[in-house]
$ cat final_2.cif   # mmCIF, C-alpha atoms
data_my_file
loop_
_atom_site.label_atom_id
_atom_site.label_comp_id
_atom_site.auth_asym_id
_atom_site.auth_seq_id
_atom_site.Cartn_x
_atom_site.Cartn_y
_atom_site.Cartn_z
CA MET A 1 -20.56 42.71 -17.61
CA THR A 2 -21.11 39.71 -15.37
CA SER A 3 -23.81 37.20 -16.28
CA ASP A 4 -26.38 35.86 -13.82
CA SER A 5 -25.73 32.40 -15.29
CA PRO A 6 -24.42 30.12 -12.52
CA VAL A 7 -22.51 28.09 -15.11
CA LEU A 8 -20.69 31.17 -16.37
CA SER A 9 -20.13 32.49 -12.85
CA SER A 10 -18.55 29.20 -11.82
CA LEU A 11 -16.27 29.24 -14.88
CA LEU A 12 -15.23 32.83 -14.19
CA ASP A 13 -14.48 31.92 -10.58
CA ARG A 14 -12.20 29.09 -11.72
CA ILE A 15 -10.43 31.41 -14.16
CA GLU A 16 -10.02 34.14 -11.57
CA GLY A 17 -8.84 31.64 -8.98
CA ASN A 18 -6.33 30.21 -11.47
CA THR A 19 -7.75 26.71 -11.21
CA ALA A 20 -9.06 26.56 -14.78
CA ARG A 21 -7.30 24.05 -17.05
CA LEU A 22 -6.73 24.85 -20.71
CA GLY A 23 -6.49 22.32 -23.54
CA ILE A 24 -4.89 23.38 -26.83
CA ILE A 25 -5.48 21.27 -29.92
CA GLY A 26 -2.61 21.59 -32.39
CA LEU A 27 0.93 22.31 -31.21
CA GLY A 28 2.44 24.00 -34.22
CA TYR A 29 3.34 27.61 -35.01
CA VAL A 30 0.18 28.90 -33.31
CA GLY A 31 -0.67 26.35 -30.65
CA LEU A 32 2.69 25.91 -28.96
CA PRO A 33 3.40 29.65 -28.43
CA LEU A 34 -0.14 30.02 -27.07
CA ALA A 35 0.39 27.10 -24.71
CA VAL A 36 3.66 28.52 -23.46
CA VAL A 37 2.33 32.01 -22.66
CA PHE A 38 -0.59 30.53 -20.72
CA ALA A 39 1.70 28.17 -18.81
CA GLU A 40 4.03 31.08 -18.05
CA ALA A 41 1.01 32.91 -16.62
CA GLY A 42 0.45 30.00 -14.24
CA VAL A 43 -2.39 28.33 -16.13
CA GLN A 44 -2.38 24.52 -16.23
CA VAL A 45 -2.08 23.66 -19.94
CA VAL A 46 -2.38 20.34 -21.74
CA GLY A 47 -1.47 20.36 -25.42
CA ILE A 48 -2.95 17.81 -27.80
CA ASP A 49 -1.42 16.82 -31.13
CA VAL A 50 -1.85 13.81 -33.40
CA ASN A 51 1.90 13.67 -34.08
CA ALA A 52 3.30 11.33 -31.44
CA GLY A 53 6.88 12.36 -32.22
CA VAL A 54 6.08 16.00 -31.55
CA VAL A 55 4.30 15.09 -28.31
CA ASP A 56 7.19 12.94 -27.10
CA GLY A 57 9.69 15.71 -27.79
CA LEU A 58 7.59 18.32 -26.00
CA ASN A 59 7.24 16.11 -22.96
CA ARG A 60 11.04 15.94 -22.87
CA GLY A 61 11.04 19.73 -22.87
CA GLU A 62 12.30 19.92 -26.46
CA SER A 63 10.68 22.51 -28.72
CA HIS A 64 10.20 22.02 -32.46
CA ILE A 65 9.15 25.65 -33.02
CA GLU A 66 11.84 28.31 -33.46
CA ASP A 67 9.80 31.00 -31.70
CA ILE A 68 9.81 28.84 -28.57
CA PRO A 69 13.37 27.95 -27.52
CA THR A 70 13.81 24.70 -25.65
CA GLU A 71 15.27 26.71 -22.76
CA ARG A 72 11.91 28.47 -22.43
CA LEU A 73 9.77 25.34 -22.75
CA ALA A 74 11.73 22.95 -20.52
CA PRO A 75 11.04 24.70 -17.16
CA LEU A 76 7.30 24.68 -17.90
CA VAL A 77 7.41 20.93 -18.53
CA GLU A 78 9.49 20.32 -15.42
CA SER A 79 7.06 22.33 -13.29
CA GLY A 80 4.07 20.43 -14.65
CA LEU A 81 2.41 23.56 -16.00
CA PHE A 82 2.62 22.17 -19.54
CA THR A 83 2.15 18.61 -20.72
CA ALA A 84 1.43 17.18 -24.15
CA THR A 85 -0.57 14.16 -25.26
CA THR A 86 -2.17 12.46 -28.24
CA ASP A 87 -5.18 11.51 -26.09
CA PHE A 88 -8.20 13.74 -26.65
CA GLY A 89 -9.77 12.25 -23.56
CA VAL A 90 -7.95 14.86 -21.46
CA LEU A 91 -10.49 17.40 -22.73
CA ALA A 92 -12.97 16.01 -20.22
CA GLY A 93 -10.92 17.73 -17.52
CA CYS A 94 -10.45 21.03 -19.35
CA ASP A 95 -12.36 24.25 -18.66
CA GLY A 96 -11.18 25.86 -21.88
CA VAL A 97 -10.19 24.51 -25.28
CA SER A 98 -8.37 26.41 -28.03
CA ILE A 99 -8.39 24.98 -31.55
CA CYS A 100 -5.13 25.80 -33.36
CA VAL A 101 -5.16 23.39 -36.29
CA PRO A 102 -4.13 23.96 -39.94
CA THR A 103 -6.62 25.26 -42.48
CA PRO A 104 -5.00 24.72 -45.89
CA LEU A 105 -6.54 25.01 -49.34
CA ARG A 106 -7.40 21.99 -51.42
CA LYS A 107 -5.82 21.73 -54.87
CA THR A 108 -9.14 23.01 -56.25
CA GLY A 109 -8.74 26.22 -54.21
CA ASP A 110 -11.54 25.35 -51.80
CA PRO A 111 -11.04 25.70 -48.03
CA ASP A 112 -10.06 22.50 -46.27
CA ILE A 113 -11.63 22.64 -42.80
CA SER A 114 -11.25 18.92 -42.17
CA TYR A 115 -8.86 19.57 -39.28
CA ILE A 116 -11.39 21.90 -37.65
CA LEU A 117 -14.10 19.27 -38.09
CA ALA A 118 -11.90 16.59 -36.55
CA ALA A 119 -11.06 18.82 -33.58
CA THR A 120 -14.75 19.65 -33.12
CA ASP A 121 -15.69 15.98 -33.11
CA ALA A 122 -13.03 15.32 -30.47
CA ILE A 123 -14.34 18.15 -28.28
CA LYS A 124 -17.94 17.02 -28.76
CA ALA A 125 -17.08 13.63 -27.29
CA HIS A 126 -15.86 15.29 -24.06
CA VAL A 127 -17.77 18.59 -23.87
CA HIS A 128 -19.32 19.43 -20.52
CA PRO A 129 -21.11 22.35 -18.86
CA GLY A 130 -18.87 25.31 -18.11
CA MET A 131 -16.46 24.72 -20.99
CA VAL A 132 -15.35 27.60 -23.25
CA VAL A 133 -14.22 26.66 -26.77
CA ILE A 134 -12.19 29.14 -28.81
CA LEU A 135 -11.34 28.60 -32.48
CA GLU A 136 -8.10 30.28 -33.58
CA SER A 137 -7.64 28.63 -37.00
CA THR A 138 -8.25 30.97 -39.92
CA THR A 139 -11.46 30.19 -41.75
CA TYR A 140 -14.35 31.78 -43.62
CA PRO A 141 -17.04 33.86 -41.88
CA GLY A 142 -19.72 31.59 -40.50
CA THR A 143 -17.60 28.58 -39.60
CA THR A 144 -17.84 29.02 -35.82
CA ARG A 145 -21.60 29.50 -35.73
CA GLU A 146 -22.62 27.29 -38.65
CA ILE A 147 -20.24 24.34 -38.18
CA ILE A 148 -18.93 24.19 -34.62
CA GLN A 149 -21.97 25.41 -32.68
CA PRO A 150 -24.46 22.82 -34.06
CA ALA A 151 -21.93 20.03 -33.55
CA LEU A 152 -21.33 20.94 -29.91
CA GLU A 153 -25.03 21.41 -29.23
CA GLU A 154 -25.68 17.84 -30.35
CA SER A 155 -24.50 17.03 -26.83
CA GLY A 156 -27.69 18.58 -25.48
CA LEU A 157 -25.86 21.63 -24.11
CA THR A 158 -26.72 25.15 -25.28
CA VAL A 159 -24.05 27.60 -26.41
CA GLY A 160 -24.27 30.78 -24.36
CA GLU A 161 -25.89 29.03 -21.41
CA ASP A 162 -24.16 25.72 -20.72
CA LEU A 163 -21.00 26.20 -22.75
CA PHE A 164 -19.34 29.14 -24.49
CA LEU A 165 -18.02 29.48 -28.02
CA CYS A 166 -15.77 32.15 -29.57
CA PHE A 167 -13.53 32.85 -32.52
CA SER A 168 -10.23 34.60 -31.81
CA PRO A 169 -7.93 34.77 -34.85
CA GLU A 170 -4.26 33.94 -34.42
CA ARG A 171 -1.85 36.75 -35.22
CA VAL A 172 1.45 34.88 -35.19
CA ASP A 173 4.32 36.26 -37.26
CA PRO A 174 7.12 33.65 -37.03
CA GLY A 175 10.50 35.05 -36.11
CA ARG A 176 9.15 38.34 -34.80
CA GLU A 177 10.32 39.48 -31.37
CA ASP A 178 8.69 42.89 -30.91
CA TRP A 179 5.09 41.71 -31.27
CA THR A 180 4.46 38.32 -29.71
CA THR A 181 1.52 36.26 -28.52
CA VAL A 182 1.51 38.14 -25.21
CA ASN A 183 1.45 41.74 -26.41
CA THR A 184 -0.31 41.48 -29.77
CA PRO A 185 -3.92 42.60 -29.25
CA LYS A 186 -6.33 39.65 -29.47
CA VAL A 187 -9.69 39.97 -31.20
CA MET A 188 -12.50 37.97 -29.56
CA GLY A 189 -15.91 37.36 -31.09
CA GLY A 190 -18.46 35.21 -29.27
CA VAL A 191 -21.76 33.64 -30.27
CA THR A 192 -23.38 35.45 -27.32
CA PRO A 193 -22.24 38.18 -24.92
CA ALA A 194 -21.69 35.50 -22.27
CA CYS A 195 -19.38 33.69 -24.70
CA VAL A 196 -17.28 36.82 -25.19
CA GLU A 197 -17.14 37.32 -21.44
CA ALA A 198 -15.89 33.78 -20.90
CA GLY A 199 -13.36 33.88 -23.74
CA ALA A 200 -12.00 37.28 -22.75
CA ALA A 201 -11.70 36.24 -19.10
CA LEU A 202 -9.69 33.13 -20.02
CA TYR A 203 -7.40 34.82 -22.53
CA GLY A 204 -7.00 37.85 -20.29
CA THR A 205 -5.00 35.71 -17.86
CA ALA A 206 -2.11 35.56 -20.36
CA ILE A 207 -2.64 38.18 -23.07
CA GLU A 208 -2.31 41.89 -22.45
CA THR A 209 -5.02 43.33 -24.70
CA LEU A 210 -8.38 41.84 -25.71
CA VAL A 211 -10.47 43.44 -28.46
CA PRO A 212 -14.09 42.24 -28.27
CA VAL A 213 -16.23 42.37 -31.42
CA SER A 214 -19.93 41.75 -31.91
CA SER A 215 -19.87 38.23 -33.33
CA PRO A 216 -17.64 35.34 -34.37
CA GLU A 217 -18.35 36.27 -37.99
CA ALA A 218 -16.89 39.73 -37.40
CA ALA A 219 -13.79 38.19 -35.80
CA GLU A 220 -13.42 35.72 -38.68
CA MET A 221 -13.67 38.61 -41.14
CA VAL A 222 -11.06 40.62 -39.20
CA LYS A 223 -8.45 37.95 -39.82
CA LEU A 224 -9.27 37.72 -43.50
CA LEU A 225 -9.16 41.51 -43.89
CA GLU A 226 -5.74 41.69 -42.24
CA ASN A 227 -4.20 39.22 -44.65
CA THR A 228 -6.16 40.32 -47.71
CA PHE A 229 -4.91 43.86 -47.08
CA ARG A 230 -1.34 42.62 -47.23
CA ALA A 231 -1.91 40.32 -50.20
CA VAL A 232 -3.53 43.07 -52.27
CA ASN A 233 -0.88 45.66 -51.45
CA ILE A 234 1.95 43.24 -52.12
CA GLY A 235 0.22 42.48 -55.41
CA LEU A 236 0.21 46.20 -56.20
CA ALA A 237 3.93 46.45 -55.39
CA ASN A 238 4.65 43.44 -57.58
CA GLU A 239 2.64 44.90 -60.44
CA LEU A 240 4.51 48.17 -59.99
CA LEU A 241 7.70 46.18 -60.54
CA LEU A 242 6.30 44.74 -63.76
CA MET A 243 5.25 48.19 -64.95
CA CYS A 244 8.59 49.75 -64.08
CA ASP A 245 10.32 46.93 -65.92
CA LYS A 246 8.37 47.88 -69.05
CA LEU A 247 9.15 51.56 -68.53
CA ASP A 248 12.84 50.96 -67.79
CA LEU A 249 12.48 52.45 -64.31
CA ASP A 250 13.87 51.28 -60.97
CA ALA A 251 10.83 50.18 -58.94
CA TRP A 252 12.72 50.38 -55.66
CA GLU A 253 13.82 53.95 -56.35
CA VAL A 254 10.18 54.85 -56.98
CA ILE A 255 9.02 53.12 -53.77
CA ASP A 256 11.81 54.68 -51.70
CA ALA A 257 10.87 58.14 -52.93
CA ALA A 258 7.14 57.57 -52.39
CA GLY A 259 7.95 56.34 -48.88
CA THR A 260 9.23 59.80 -47.91
CA LYS A 261 5.64 61.06 -47.89
CA PRO A 262 4.71 61.29 -44.21
CA PHE A 263 1.01 60.60 -44.76
CA GLY A 264 -1.26 58.70 -47.12
CA PHE A 265 1.31 56.10 -48.20
CA MET A 266 2.27 52.75 -46.71
CA ARG A 267 5.40 51.08 -48.01
CA PHE A 268 5.10 47.63 -49.60
CA THR A 269 7.89 46.16 -51.72
CA PRO A 270 8.06 43.67 -54.60
CA GLY A 271 9.51 40.24 -54.10
CA PRO A 272 9.74 36.64 -55.29
CA GLY A 273 6.11 35.84 -54.45
CA LEU A 274 4.06 35.14 -51.35
CA GLY A 275 5.00 32.67 -48.63
CA GLY A 276 3.81 31.45 -45.26
CA HIS A 277 0.40 30.10 -44.39
CA CYS A 278 -1.52 33.34 -44.02
CA ILE A 279 -1.09 35.72 -46.94
CA PRO A 280 -1.07 33.22 -49.84
CA ILE A 281 -3.93 31.18 -48.36
CA ASP A 282 -6.32 33.18 -46.19
CA PRO A 283 -7.76 35.60 -48.78
CA HIS A 284 -8.97 32.59 -50.77
CA TYR A 285 -11.21 31.62 -47.85
CA LEU A 286 -13.00 34.93 -48.25
CA SER A 287 -13.09 34.68 -52.04
CA TRP A 288 -14.56 31.17 -51.83
CA LYS A 289 -17.22 32.25 -49.34
CA LEU A 290 -18.27 35.18 -51.51
CA LYS A 291 -18.60 32.94 -54.58
CA SER A 292 -21.27 31.00 -52.69
CA LEU A 293 -23.12 34.34 -52.45
CA ASN A 294 -22.73 35.02 -56.18
CA TYR A 295 -20.10 37.70 -55.66
CA THR A 296 -16.60 37.84 -57.12
CA ALA A 297 -13.88 39.23 -54.87
CA ARG A 298 -12.02 40.86 -57.74
CA PHE A 299 -9.20 42.49 -55.78
CA ILE A 300 -8.32 39.19 -54.13
CA GLU A 301 -8.32 37.23 -57.36
CA LEU A 302 -6.30 39.82 -59.27
CA ALA A 303 -3.74 40.14 -56.49
CA SER A 304 -3.43 36.36 -56.35
CA GLU A 305 -2.87 36.25 -60.10
CA VAL A 306 -0.07 38.81 -59.90
CA ASN A 307 1.59 37.38 -56.81
CA THR A 308 1.43 33.78 -58.03
CA ALA A 309 3.19 34.77 -61.26
CA MET A 310 6.22 36.30 -59.54
CA PRO A 311 8.38 33.14 -59.31
CA ALA A 312 8.02 32.68 -63.08
CA TYR A 313 8.91 36.34 -63.61
CA TRP A 314 12.15 35.96 -61.67
CA VAL A 315 13.05 32.76 -63.47
CA HIS A 316 12.56 34.67 -66.73
CA LYS A 317 14.84 37.43 -65.45
CA THR A 318 17.43 34.80 -64.54
CA GLN A 319 17.20 33.36 -68.03
CA ASP A 320 17.69 36.82 -69.55
CA ALA A 321 20.68 37.48 -67.31
CA LEU A 322 22.34 34.23 -68.30
CA ASN A 323 21.65 34.95 -71.97
CA ASP A 324 23.40 38.29 -71.57
CA ALA A 325 26.37 36.34 -70.22
CA ASP A 326 26.23 33.97 -73.24
CA LYS A 327 25.04 31.07 -71.09
CA PRO A 328 21.87 28.98 -71.41
CA VAL A 329 19.76 28.06 -68.41
CA LYS A 330 20.02 24.41 -69.39
CA GLY A 331 23.19 23.01 -67.90
CA SER A 332 23.94 26.09 -65.80
CA ARG A 333 24.43 25.71 -62.09
CA ILE A 334 22.16 28.13 -60.24
CA LEU A 335 22.37 28.86 -56.53
CA VAL A 336 19.17 29.98 -54.81
CA VAL A 337 19.93 31.94 -51.64
CA GLY A 338 17.15 31.46 -49.12
CA ALA A 339 14.65 28.61 -48.96
CA ALA A 340 12.26 29.63 -46.18
CA TYR A 341 9.62 32.21 -47.02
CA LYS A 342 11.25 34.89 -44.82
CA LYS A 343 14.58 35.48 -43.12
CA ASP A 344 15.88 33.69 -40.03
CA ILE A 345 13.18 31.00 -39.84
CA SER A 346 12.81 27.44 -41.11
CA ASP A 347 9.17 27.78 -42.18
CA MET A 348 8.81 26.45 -45.73
CA ARG A 349 5.04 26.83 -46.03
CA GLU A 350 4.18 28.18 -49.49
CA SER A 351 7.74 29.48 -49.92
CA PRO A 352 8.27 30.99 -53.40
CA ALA A 353 11.77 29.51 -53.36
CA LEU A 354 10.17 26.13 -54.01
CA ASP A 355 8.53 27.40 -57.18
CA ILE A 356 11.71 29.12 -58.33
CA LEU A 357 13.78 25.97 -57.78
CA ALA A 358 11.20 23.83 -59.59
CA LEU A 359 10.91 26.17 -62.58
CA LEU A 360 14.68 26.43 -62.95
CA GLN A 361 15.00 22.67 -62.74
CA GLU A 362 12.30 22.25 -65.39
CA LYS A 363 14.39 24.43 -67.68
CA GLY A 364 17.35 22.10 -67.22
CA ALA A 365 19.33 24.03 -64.61
CA ASP A 366 21.42 22.27 -62.01
CA VAL A 367 19.96 23.84 -58.86
CA LEU A 368 21.33 24.13 -55.34
CA TYR A 369 20.41 26.35 -52.41
CA HIS A 370 21.85 27.99 -49.32
CA ASP A 371 19.85 28.52 -46.14
CA PRO A 372 21.32 27.67 -42.72
CA HIS A 373 17.83 27.59 -41.23
CA VAL A 374 16.73 24.90 -43.70
CA PRO A 375 19.49 22.28 -43.65
CA SER A 376 17.63 19.90 -45.96
CA LEU A 377 14.86 20.25 -48.51
CA GLU A 378 12.65 17.35 -49.51
CA HIS A 379 9.68 18.52 -51.53
CA GLU A 380 7.96 17.12 -54.64
CA GLY A 381 11.01 16.08 -56.62
CA PHE A 382 13.63 17.80 -54.48
CA ASP A 383 16.04 16.06 -52.15
CA LEU A 384 18.65 18.73 -51.52
CA ARG A 385 20.96 19.77 -48.72
CA SER A 386 21.88 23.36 -47.99
CA THR A 387 25.25 24.13 -49.53
CA ASP A 388 28.00 26.24 -48.01
CA LEU A 389 27.65 29.77 -49.35
CA ALA A 390 31.28 30.15 -50.43
CA ASP A 391 31.23 26.78 -52.19
CA GLY A 392 27.92 27.54 -53.86
CA LEU A 393 29.09 30.93 -55.12
CA ARG A 394 32.29 29.43 -56.45
CA GLN A 395 30.46 26.69 -58.35
CA SER A 396 27.53 28.65 -59.74
CA ASP A 397 26.84 30.45 -62.98
CA ALA A 398 23.98 32.44 -61.45
CA VAL A 399 22.74 33.37 -57.97
CA VAL A 400 19.10 34.12 -57.25
CA VAL A 401 18.50 35.83 -53.89
CA VAL A 402 15.05 34.88 -52.59
CA THR A 403 15.42 35.41 -48.84
CA ASP A 404 18.39 36.10 -46.62
CA HIS A 405 19.45 35.54 -43.03
CA SER A 406 21.07 37.78 -40.46
CA ASP A 407 24.58 36.41 -40.96
CA LEU A 408 24.52 36.29 -44.75
CA ASP A 409 27.79 37.50 -46.28
CA TRP A 410 26.40 40.07 -48.70
CA ASP A 411 29.89 41.16 -49.78
CA ALA A 412 30.60 37.61 -50.92
CA VAL A 413 27.30 37.46 -52.81
CA ALA A 414 27.86 40.83 -54.47
CA GLY A 415 31.49 40.02 -55.26
CA SER A 416 30.78 36.67 -56.88
CA ASP A 417 31.58 36.14 -60.55
CA ALA A 418 28.14 34.57 -60.96
CA VAL A 419 25.26 36.45 -62.53
CA LEU A 420 23.23 37.96 -59.68
CA VAL A 421 19.44 38.23 -59.67
CA ASP A 422 18.22 39.95 -56.51
CA THR A 423 14.45 39.50 -56.17
CA ARG A 424 14.15 42.09 -53.40
CA ALA A 425 16.87 44.56 -54.42
CA VAL A 426 18.66 44.26 -51.09
CA LEU A 427 21.83 44.72 -53.09
CA ARG A 428 21.08 47.97 -54.84
CA SER A 429 24.23 47.59 -56.93
CA ALA A 430 23.09 44.23 -58.25
CA PRO A 431 24.02 43.90 -61.92
CA VAL A 432 20.63 42.47 -62.75
CA ARG A 433 17.44 43.99 -61.39
CA ALA A 434 14.00 44.24 -62.90
#
$ encode --input "final_2.cif" --output "structure tokens"
Amino acid sequence: MTSDSPVLSSLLDRIEGNTARLGIIGLGYVGLPLAVVFAEAGVQVVGIDVNAGVVDGLNRGESHIEDIPTERLAPLVESGLFTATTDFGVLAGCDGVSICVPTPLRKTGDPDISYILAATDAIKAHVHPGMVVILESTTYPGTTREIIQPALEESGLTVGEDLFLCFSPERVDPGREDWTTVNTPKVMGGVTPACVEAGAALYGTAIETLVPVSSPEAAEMVKLLENTFRAVNIGLANELLLMCDKLDLDAWEVIDAAGTKPFGFMRFTPGPGLGGHCIPIDPHYLSWKLKSLNYTARFIELASEVNTAMPAYWVHKTQDALNDADKPVKGSRILVVGAAYKKDISDMRESPALDILALLQEKGADVLYHDPHVPSLEHEGFDLRSTDLADGLRQSDAVVVVTDHSDLDWDAVAGSDAVLVDTRAVLRSAPVRA
């Protein structure tokens, strides 16, 4: 479909002629990979971030995101295809703007869209005819149309005629190499058909597959479904662990056997709790939105209850294991293996290791951790440095495996004299399992 709108036609011509300039607000786990794939496709990209230190490093060609090696970023900076700035004024010269800012939860459990609001205000000050704005930050259904559209239209421009507005949820999985920003299908929902056409045309210059949907609300809901699906099924796997514990069964044996069924079963495994920005956080955006409509999202709330309790469960199992060895938690030295929420990354967002360390410390344990991807840990009462694995094993009364890394010496962990609590049963011969 090609619109008769001269504004849209002009934008599409600039995109097709590779003269369109893209601004990306937020240069973290989502924004920087997006900026890099567009720059690699030959699009002129300017990244905007409020952190001057991050901006300075990027302009030196130095990446702060593990998924984007400095060797990949530096040539793009040298060629001028990518630059970074703290000045939102550059948006005046941009044809497209992608919003890739954080959307955390407040302590009350309510969505915090303050970063989206700030980005919208910045765009509003520099919006112009022929601009396409695409929100990538996870949020509740209705945000794009109800919050961003009215703000942008205060400029006197009309969405769908003078400017174009879409929601396209990020699908970044840090540390993953098979599915990346380029080849992961990208959902695109626009306020109008012209908006979808503009958004798909821009993103199609760098991303292999675009999946258009009927509205931004549908696209917003897609993202929440994806992560709610995982949160609920992980909650089921964690509750299976609790049930098997009561029944004196091996939960992993049960899951392994169920996984041999070639249809009708998808494997999820228990663990120490949820980590990362998406799965622990995003379903609560949907739950909060539904509460405003007098509906309780019961699956989400129950799964959250189960998943949130897992760090305490594993601390309890550690306490039981030490008791069996005639040792109290208080005064024992306990090594936590793995600090990041998943292997081979440094991402500490919502990592269950933080809760496990805090709970053990509250019980009087002398805690230390090993994770080569997280050399130091400063977080609400912690100021720790990653310890050498061999030294940590030699010093410790107990070892709690939370996450691993590719070079982890499992033989050393399994052969340690310390009590071993393996939260994911990677070591099937572990002396202590739920």
$ resolve_selection --input "final_2.cif" --expression "the PyMOL selection byres ((chain A and resi 10) around 12)" --output "list in words"
Thr2, Ser3, Asp4, Ser5, Pro6, Val7, Leu8, Ser9, Leu11, Leu12, Asp13, Arg14, Ile15, Glu16, Gly17, Thr19, Ala20, Asp95, Pro129, Gly130, Met131, Val132, Asp162, Leu163 and Ala198 of chain A
$ resolve_selection --input "final_2.cif" --expression "the PyMOL selection byres ((chain A and resi 191) around 10)" --output "CSV table (one decimal) with C-alpha atoms, keeping the file's coordinate frame"
chain,number,residue,atom,x,y,z
A,144,THR,CA,-17.8,29.0,-35.8
A,145,ARG,CA,-21.6,29.5,-35.7
A,149,GLN,CA,-22.0,25.4,-32.7
A,159,VAL,CA,-24.0,27.6,-26.4
A,160,GLY,CA,-24.3,30.8,-24.4
A,164,PHE,CA,-19.3,29.1,-24.5
A,165,LEU,CA,-18.0,29.5,-28.0
A,166,CYS,CA,-15.8,32.2,-29.6
A,167,PHE,CA,-13.5,32.8,-32.5
A,189,GLY,CA,-15.9,37.4,-31.1
A,190,GLY,CA,-18.5,35.2,-29.3
A,192,THR,CA,-23.4,35.4,-27.3
A,193,PRO,CA,-22.2,38.2,-24.9
A,194,ALA,CA,-21.7,35.5,-22.3
A,195,CYS,CA,-19.4,33.7,-24.7
A,196,VAL,CA,-17.3,36.8,-25.2
A,214,SER,CA,-19.9,41.8,-31.9
A,215,SER,CA,-19.9,38.2,-33.3
A,216,PRO,CA,-17.6,35.3,-34.4
A,217,GLU,CA,-18.4,36.3,-38.0
$ closest_residue --input "final_2.cif" --among "A:Ala309, A:Arg60, A:Ala418, A:Asn238" --to "Pro75 in chain A" --atoms "all atoms listed in the file"
A:Arg60
$ resolve_selection --input "final_2.cif" --expression "the PyMOL selection byres ((chain A and resi 263-266) around 12)" --output "number ranges by chain"
A: 229-230, 233-234, 236-237, 255-262, 267-269
$ atom_distance --input "final_2.cif" --atom1 "CA of Asn183 in chain A" --atom2 "CA of Gly28 in chain A"
19.4 Å
$ closest_residue --input "final_2.cif" --among "A:Pro283, A:Pro270, A:Pro328, A:Gly156" --to "Asp110 in chain A" --atoms "all atoms listed in the file"
A:Pro283
$ closest_atom_pairs --input "final_2.cif" --of "range 243-348 of chain A" --to "range 355-365 of chain A" --cutoff "9 Å" --atoms "all atoms listed in the file" --output "Markdown table"
| residue | atom | partner | partner_atom | distance |
| --- | --- | --- | --- | --- |
| A:Pro272 | CA | A:Ile356 | CA | 8.3 |
| A:Pro311 | CA | A:Ile356 | CA | 5.3 |
| A:Ala312 | CA | A:Ile356 | CA | 7.0 |
| A:Trp314 | CA | A:Ile356 | CA | 7.6 |
| A:Val315 | CA | A:Ile356 | CA | 6.4 |
| A:Thr318 | CA | A:Leu360 | CA | 9.0 |
| A:Gln319 | CA | A:Leu360 | CA | 9.0 |
| A:Pro328 | CA | A:Ala365 | CA | 8.8 |
| A:Val329 | CA | A:Ala365 | CA | 5.6 |
| A:Lys330 | CA | A:Gly364 | CA | 4.1 |
| A:Gly331 | CA | A:Ala365 | CA | 5.2 |
| A:Ser332 | CA | A:Ala365 | CA | 5.2 |
| A:Arg333 | CA | A:Ala365 | CA | 5.9 |
| A:Ile334 | CA | A:Ala365 | CA | 6.6 |
| A:Val336 | CA | A:Leu357 | CA | 7.3 |
$ closest_residue --input "final_2.cif" --among "A:Asp173, A:Asp344, A:Asp422, A:Glu301" --to "Cys278 in chain A" --atoms "only C-alpha atoms"
A:Asp173
$ closest_residue --input "final_2.cif" --among "A:Ala201, A:Ile24, A:Leu293, A:Ile148" --to "Val90 in chain A" --atoms "only C-alpha atoms"
A:Ile24
$ atom_distance --input "final_2.cif" --atom1 "CA of Glu136 in chain A" --atom2 "CA of Leu302 in chain A"
27.5 Å
$ atom_distance --input "final_2.cif" --atom1 "CA of Leu117 in chain A" --atom2 "CA of Ser287 in chain A"
20.8 Å
$ closest_residue --input "final_2.cif" --among "A:Val419, A:Ile300, A:Val54, A:Ala231" --to "Asn323 in chain A" --atoms "only C-alpha atoms"
A:Val419
$ closest_atom_pairs --input "final_2.cif" --of "range 127-233 of chain A" --to "range 37-43 of chain A" --cutoff "8 Å" --atoms "all atoms listed in the file" --output "tab-separated table"
residue	atom	partner	partner_atom	distance
A:Thr181	CA	A:Val37	CA	7.3
A:Val182	CA	A:Val37	CA	6.7
A:Thr205	CA	A:Ala41	CA	6.7
A:Ala206	CA	A:Phe38	CA	5.3
A:Ile207	CA	A:Val37	CA	7.9
$ closest_residue --input "final_2.cif" --among "A:Glu197, A:Glu253, A:Pro174, A:Leu408" --to "Tyr341 in chain A" --atoms "all atoms listed in the file"
A:Pro174
$ residues_around --input "final_2.cif" --residues "Glu170 in chain A" --least-positions-apart "6" --cutoff "8 Å" --atoms "only C-alpha atoms" --output "PDB file with C-alpha atoms, keeping the file's coordinate frame"
ATOM      1  CA  VAL A  30       0.180  28.900 -33.310  1.00  0.00           C
ATOM      2  CA  GLU A 136      -8.100  30.280 -33.580  1.00  0.00           C
ATOM      3  CA  SER A 137      -7.640  28.630 -37.000  1.00  0.00           C
ATOM      4  CA  THR A 138      -8.250  30.970 -39.920  1.00  0.00           C
ATOM      5  CA  LYS A 186      -6.330  39.650 -29.470  1.00  0.00           C
ATOM      6  CA  LYS A 223      -8.450  37.950 -39.820  1.00  0.00           C
TER       7      LYS A 223
END
$ residues_around --input "final_2.cif" --residues "Val413 in chain A" --least-positions-apart "5" --cutoff "12 Å" --atoms "only C-alpha atoms" --output "list in words"
Leu335, Val336, Val337, His370, Leu389, Ala390, Asp391, Gly392, Leu393, Arg394, Ser396, Ala398, Val399, Val400, Val401, Asp404, Leu408, Ala418, Val419, Leu420, Val421, Asp422, Val426, Leu427, Ser429, Ala430 and Pro431 of chain A
$ residues_around --input "final_2.cif" --residues "Gly276 in chain A" --least-positions-apart "2" --cutoff "8 Å" --atoms "all atoms listed in the file" --output "PyMOL selection string"
chain A and resi 274+278-280+341+347-351
